[in-house]
Each structure stands twice: as C-alpha cells, then as structure tokens.
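> The following block contains the structure, expressed as structure tokens.
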Amino acid sequence: MLRIAFSVATAIEISTAFLYIFSPLIVFRGGVEGFYSLYTYNIVFLGEAVRSDVLNYTNSMALLATLIYTSLQMLAIATAFSRRLEYTELSFGAALASIPCYGILSGLTTVALRELSRIPTTSRVVTLAGTIVFPETQVFKGPTQTLATAFPIASAVKLTLIATVLYMQLKALRT
C-alpha cells in the first residue's frame with residue numbers, strides 16, 4: 001500500500017514539476033505584451049519581439065533538469081515495487097533527486113526574474129533628451145509561483161513514504 005502511495009505521490013510531483021516549467025511565471029499587458037515561463041517565452045515591447053540569451057538559457061536548463069529529474073523518478077517508481085532491499089535503496093536515492101531539482105528550478109526562476117525586471121514597466125522615462133512616454137505596462141504573477149510551494153510539499157510526502165518503506169524492509173530483515 002505504501003508503494004502505491006509513493007508511486008501516486010511521485011506521479012503528482014512529476015506533474016507539478018512540468019506544470020512549474022510550463023505555466024507562466026509573469027504575464028505582461030500594455031506597452032509590453034506577452035508572458036514568460038521556464039519552458040518558453042513570448043515578449044513584445046512596442047511591437048518588437050524581445051530576445052534574451054539569459055532567458056533562452058534558463059528555458060534550456062529548466063527543460064533539461066526536468067527531463068533528467070523525470071527519468072530518475074520513473075526509475076524510483078519502477079524499483080519501489082521490488083522486494084529486494086538494494087532496489088528499495090536505489091528507489092530512495094532516485095527519489096532524493098527532487099531536492100536538487102527544486103533548487104535548480106528555483107535558481108533558474110530567480111535568474112529569469114532578475115532578467116525580466118529590466119523590462120521597463122513605467123510609462124515615463126526622463127532622459128537627457130527629454131521625457132519619453134511609453135504605454136503603461138501591467139505585470140501579473142502567473143500560477144508558477146503557487147506551484148513553487150506545491151513542489152517541495154509533494155517531494156516531502158513522497159520522500160516520507162519511500163523512507164517508511166525502506167525502514168520497514170530494514171526492520172523485517174533484522175527480525
């Protein structure tokens with residue numbers, strides 16, 4: 001029963017990870033139009049598409065980290081159903097990959113937000129040449145920030161379940 005619960009929790013965590021990278025982190029409306037997610041972005045400033053090497057890098061790394069993480073979690077599910085202690089230990093080790101994965105995604109989010117903060121959202125900019133008036137831009141937070149909380153909670157539940165399975169197997173070997 002614990003193994004099934006672990007598999008379900010892992011599947012939920014994998015889904016949360018993909019929602020984390022596919023959901024918009026920020027949505028722009030007004031002079032700047034578009035969105036940014038850890039998977040892709042489409043930002044248009046005064047009719048011109050905005051391109052950024054930093055944002056392209058964060059997208060690539062987020063996708064790579066999530067694919068590697070997903071592979072390890074599939075291994076964790078597959079080995080969790082084994083009765084051999086070595087495979088349960090392997091499952092526990094693979095399940096631990098969620099900790100650095102969350103750290104990587106969180107770090108990439110911070111880098112992306114720092115880069116996105118450079119996009120002007122004010123309507124007036126005073127320069128030496130005079131005042132430039134831009135259309136006002138509104139910035140909305142996307143659902144990714146809520147998912148950033150759900151991901152570690154799902155990880156904690158999953159790790160608790162597999163640790164309990166491992167503990168029970170070790171206890172059964174001693175008796």
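Identifiers in this document derive from the order of the structure tokens: chains are assigned A, B, ..., residues are numbered from 1 separately in each chain, and ligands are numbered from 1 in order of occurrence.
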Just list the residues in stretch 28-169 of chain A DSSP gives strand (DSSP E or B) on the backbone, as a PyMOL selection string.

chain A and resi 28-30+32-37+41-45+48-49+124-127+130-133+137-141

> Can those selected residues be exported to a file as a CSV table (one decimal), in the first residue's frame so that it contains N, CA, C and O atoms?


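Result written to out-v9.csv:
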```csv
chain,number,residue,atom,x,y,z
A,28,PHE,N,2.7,40.0,-19.1
A,28,PHE,CA,2.7,41.4,-19.3
A,28,PHE,C,1.5,41.8,-20.1
A,28,PHE,O,1.2,41.2,-21.1
A,29,ARG,N,0.9,43.0,-19.8
A,29,ARG,CA,-0.2,43.6,-20.6
A,29,ARG,C,0.1,45.1,-20.7
A,29,ARG,O,0.4,45.7,-19.7
A,30,GLY,N,-0.1,45.6,-21.9
A,30,GLY,CA,0.1,47.1,-22.1
A,30,GLY,C,1.2,47.3,-23.1
A,30,GLY,O,1.2,46.7,-24.2
A,32,VAL,N,4.2,46.5,-23.0
A,32,VAL,CA,4.9,45.2,-23.1
A,32,VAL,C,3.8,44.2,-23.1
A,32,VAL,O,3.0,44.1,-22.1
A,33,GLU,N,3.8,43.3,-24.1
A,33,GLU,CA,2.8,42.2,-24.1
A,33,GLU,C,3.5,40.9,-24.1
A,33,GLU,O,4.6,40.8,-24.7
A,34,GLY,N,2.9,39.9,-23.5
A,34,GLY,CA,3.4,38.6,-23.5
A,34,GLY,C,3.5,37.9,-22.2
A,34,GLY,O,2.9,38.3,-21.2
A,35,PHE,N,4.3,36.8,-22.2
A,35,PHE,CA,4.5,36.0,-20.9
A,35,PHE,C,5.9,35.4,-20.9
A,35,PHE,O,6.6,35.4,-21.9
A,36,TYR,N,6.2,34.9,-19.8
A,36,TYR,CA,7.5,34.1,-19.6
A,36,TYR,C,7.2,32.9,-18.7
A,36,TYR,O,6.5,33.0,-17.7
A,37,SER,N,7.6,31.8,-19.2
A,37,SER,CA,7.6,30.5,-18.4
A,37,SER,C,9.0,29.9,-18.5
A,37,SER,O,9.7,30.3,-19.3
A,41,TYR,N,9.0,31.6,-23.8
A,41,TYR,CA,8.5,33.0,-23.6
A,41,TYR,C,8.2,33.7,-24.9
A,41,TYR,O,8.7,33.3,-26.0
A,42,ASN,N,7.3,34.7,-24.8
A,42,ASN,CA,6.9,35.5,-25.9
A,42,ASN,C,6.7,36.9,-25.4
A,42,ASN,O,5.6,37.1,-24.8
A,43,ILE,N,7.6,37.8,-25.5
A,43,ILE,CA,7.5,39.1,-25.0
A,43,ILE,C,7.7,40.1,-26.2
A,43,ILE,O,8.7,40.0,-26.9
A,44,VAL,N,6.8,41.0,-26.3
A,44,VAL,CA,6.8,42.0,-27.4
A,44,VAL,C,6.8,43.4,-26.7
A,44,VAL,O,5.9,43.7,-25.9
A,45,PHE,N,7.8,44.2,-27.0
A,45,PHE,CA,7.9,45.6,-26.5
A,45,PHE,C,7.7,46.5,-27.6
A,45,PHE,O,8.6,46.6,-28.5
A,48,GLU,N,8.0,45.1,-31.1
A,48,GLU,CA,9.3,44.3,-31.4
A,48,GLU,C,9.4,43.1,-30.4
A,48,GLU,O,9.3,43.3,-29.2
A,49,ALA,N,9.7,42.0,-31.0
A,49,ALA,CA,9.9,40.8,-30.1
A,49,ALA,C,11.2,40.9,-29.3
A,49,ALA,O,12.2,41.4,-29.9
A,124,ARG,N,6.7,56.7,-17.9
A,124,ARG,CA,7.5,57.9,-18.2
A,124,ARG,C,9.0,57.6,-17.9
A,124,ARG,O,9.2,57.1,-16.8
A,125,VAL,N,9.8,57.9,-18.8
A,125,VAL,CA,11.3,57.8,-18.5
A,125,VAL,C,11.9,59.2,-18.9
A,125,VAL,O,11.7,59.7,-20.0
A,126,VAL,N,12.6,59.7,-17.9
A,126,VAL,CA,13.3,61.0,-18.1
A,126,VAL,C,14.7,60.8,-18.5
A,126,VAL,O,15.4,60.1,-17.9
A,127,THR,N,15.1,61.3,-19.7
A,127,THR,CA,16.4,61.2,-20.2
A,127,THR,C,17.0,62.6,-20.4
A,127,THR,O,16.3,63.6,-20.2
A,130,GLY,N,15.0,64.5,-22.9
A,130,GLY,CA,13.7,64.9,-22.6
A,130,GLY,C,12.9,63.7,-22.0
A,130,GLY,O,13.5,62.7,-21.6
A,131,THR,N,11.6,63.8,-21.9
A,131,THR,CA,10.8,62.8,-21.3
A,131,THR,C,10.2,61.9,-22.4
A,131,THR,O,9.7,62.4,-23.4
A,132,ILE,N,10.3,60.6,-22.2
A,132,ILE,CA,9.8,59.7,-23.2
A,132,ILE,C,8.5,59.0,-22.5
A,132,ILE,O,8.6,58.6,-21.4
A,133,VAL,N,7.4,59.0,-23.2
A,133,VAL,CA,6.2,58.5,-22.6
A,133,VAL,C,5.9,57.2,-23.3
A,133,VAL,O,5.7,57.1,-24.6
A,137,THR,N,2.5,49.5,-18.6
A,137,THR,CA,2.6,48.0,-18.7
A,137,THR,C,2.2,47.5,-17.3
A,137,THR,O,2.7,48.0,-16.3
A,138,GLN,N,1.3,46.6,-17.3
A,138,GLN,CA,0.9,45.9,-16.0
A,138,GLN,C,1.6,44.5,-16.0
A,138,GLN,O,1.7,43.8,-17.1
A,139,VAL,N,2.1,44.1,-14.9
A,139,VAL,CA,2.8,42.9,-14.7
A,139,VAL,C,2.0,42.0,-13.7
A,139,VAL,O,1.7,42.4,-12.6
A,140,PHE,N,1.6,40.8,-14.2
A,140,PHE,CA,0.8,39.9,-13.3
A,140,PHE,C,1.7,38.7,-13.0
A,140,PHE,O,2.4,38.2,-13.9
A,141,LYS,N,1.6,38.2,-11.8
A,141,LYS,CA,2.2,36.9,-11.4
A,141,LYS,C,1.4,35.8,-12.0
A,141,LYS,O,0.2,35.8,-11.8
```

> Would you list the contacts of A:Glu115 as a list in words, taking every protein, DNA or RNA residue within 12 Å and counting only C-alpha atoms, but skipping same-chain residues closer than 4 positions in sequence?

Ile26, Tyr36, Val50, Arg51, Ser52, Asp53, Val54, Leu55, Asn56, Tyr57, Thr58, Leu108, Thr109, Thr110, Val111, Ile119 and Pro120 of chain A

> For the selection just defined, write its residues with N, CA, C and O atoms to a file, as a short mmCIF file (atom, residue, chain, number, x, y, z; two decimals), in the first residue's frame.


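Contents of the output file result_22.cif:
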```
data_model
loop_
_atom_site.label_atom_id
_atom_site.label_comp_id
_atom_site.auth_asym_id
_atom_site.auth_seq_id
_atom_site.Cartn_x
_atom_site.Cartn_y
_atom_site.Cartn_z
N ILE A 26 5.33 35.11 -15.32
CA ILE A 26 4.91 36.51 -15.38
C ILE A 26 4.15 36.72 -16.69
O ILE A 26 4.53 36.17 -17.73
N TYR A 36 6.23 34.90 -19.75
CA TYR A 36 7.47 34.14 -19.59
C TYR A 36 7.16 32.93 -18.73
O TYR A 36 6.54 33.03 -17.68
N VAL A 50 11.11 40.61 -28.07
CA VAL A 50 12.27 40.69 -27.18
C VAL A 50 12.94 39.32 -27.13
O VAL A 50 12.28 38.31 -26.92
N ARG A 51 14.24 39.29 -27.35
CA ARG A 51 15.03 38.06 -27.27
C ARG A 51 16.10 38.26 -26.22
O ARG A 51 16.67 39.34 -26.10
N SER A 52 16.38 37.22 -25.47
CA SER A 52 17.39 37.32 -24.42
C SER A 52 18.13 35.99 -24.32
O SER A 52 17.51 34.94 -24.20
N ASP A 53 19.46 36.06 -24.36
CA ASP A 53 20.26 34.85 -24.18
C ASP A 53 20.08 34.27 -22.79
O ASP A 53 20.07 33.05 -22.61
N VAL A 54 19.90 35.12 -21.80
CA VAL A 54 19.70 34.64 -20.42
C VAL A 54 18.39 33.87 -20.33
O VAL A 54 18.34 32.77 -19.75
N LEU A 55 17.32 34.40 -20.90
CA LEU A 55 16.03 33.71 -20.86
C LEU A 55 16.07 32.42 -21.68
O LEU A 55 15.48 31.41 -21.27
N ASN A 56 16.76 32.44 -22.81
CA ASN A 56 16.91 31.20 -23.59
C ASN A 56 17.66 30.15 -22.78
O ASN A 56 17.31 28.96 -22.81
N TYR A 57 18.69 30.57 -22.06
CA TYR A 57 19.48 29.65 -21.23
C TYR A 57 18.62 29.06 -20.11
O TYR A 57 18.65 27.85 -19.87
N THR A 58 17.85 29.93 -19.42
CA THR A 58 17.01 29.42 -18.33
C THR A 58 15.97 28.43 -18.86
O THR A 58 15.69 27.42 -18.20
N LEU A 108 16.83 29.02 -11.36
CA LEU A 108 16.55 29.50 -12.71
C LEU A 108 15.43 30.54 -12.70
O LEU A 108 15.46 31.51 -13.47
N THR A 109 14.45 30.34 -11.82
CA THR A 109 13.36 31.31 -11.68
C THR A 109 13.91 32.65 -11.21
O THR A 109 13.55 33.71 -11.74
N THR A 110 14.82 32.62 -10.25
CA THR A 110 15.43 33.85 -9.74
C THR A 110 16.21 34.57 -10.83
O THR A 110 16.09 35.80 -10.98
N VAL A 111 16.98 33.82 -11.60
CA VAL A 111 17.75 34.43 -12.70
C VAL A 111 16.81 35.05 -13.73
O VAL A 111 17.03 36.17 -14.19
N ILE A 119 12.90 44.91 -17.97
CA ILE A 119 11.91 45.38 -18.94
C ILE A 119 11.18 46.57 -18.33
O ILE A 119 10.65 46.48 -17.22
N PRO A 120 11.15 47.70 -19.03
CA PRO A 120 10.52 48.90 -18.46
C PRO A 120 9.00 48.73 -18.35
O PRO A 120 8.34 48.31 -19.31
#
```

> Which residues are near stretch 157-174 of chain A? Cut-off 7 Å, only C-alpha atoms, ignore same chain within fewer than 6 positions. Put them as a list in words.

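Counting only C-alpha atoms, the residues come to Leu2, Phe6, Ala9, Thr10, Leu85, Thr88, Glu89, Phe92 and Ala95 of chain A.
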
> For atom CA of A:Ile99 and atom CA of A:Ala76, quote the distance in Å rounded to one decimal.

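Going from atom CA of A:Ile99 over to atom CA of A:Ala76, I get 14.0 Å.
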
> Closest to A:Gly142 among A:Ile4, A:Leu38, A:Leu25, A:Ala11, using only C-alpha atoms?

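Going through A:Ile4, A:Leu38, A:Leu25, A:Ala11 one by one, the smallest distance to A:Gly142 is for A:Leu25.
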
> Would you mind writing down, as a PyMOL selection string, each residue of stretch 5-120 of chain A that DSSP on the backbone assigns to helix (DSSP H, G or I)?

chain A and resi 5-22+53-80+85-95+98-116

> Tell me, as a list in words, which residues lie within 9 Å of A:Ala65, counting only C-alpha atoms; anything in the same chain fewer than 4 positions away does not count.

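These residues fall inside the cut-off: Ser60, Met61, Tyr69, Thr70, Cys101, Ile104 and Leu105 of chain A.
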
> Between A:Ser106, A:Thr144, A:Thr149, A:Ser155, which is the closest to A:Gln73 once you count only C-alpha atoms?

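Looking only at the distances to A:Gln73, the closest residue turns out to be A:Ser155.
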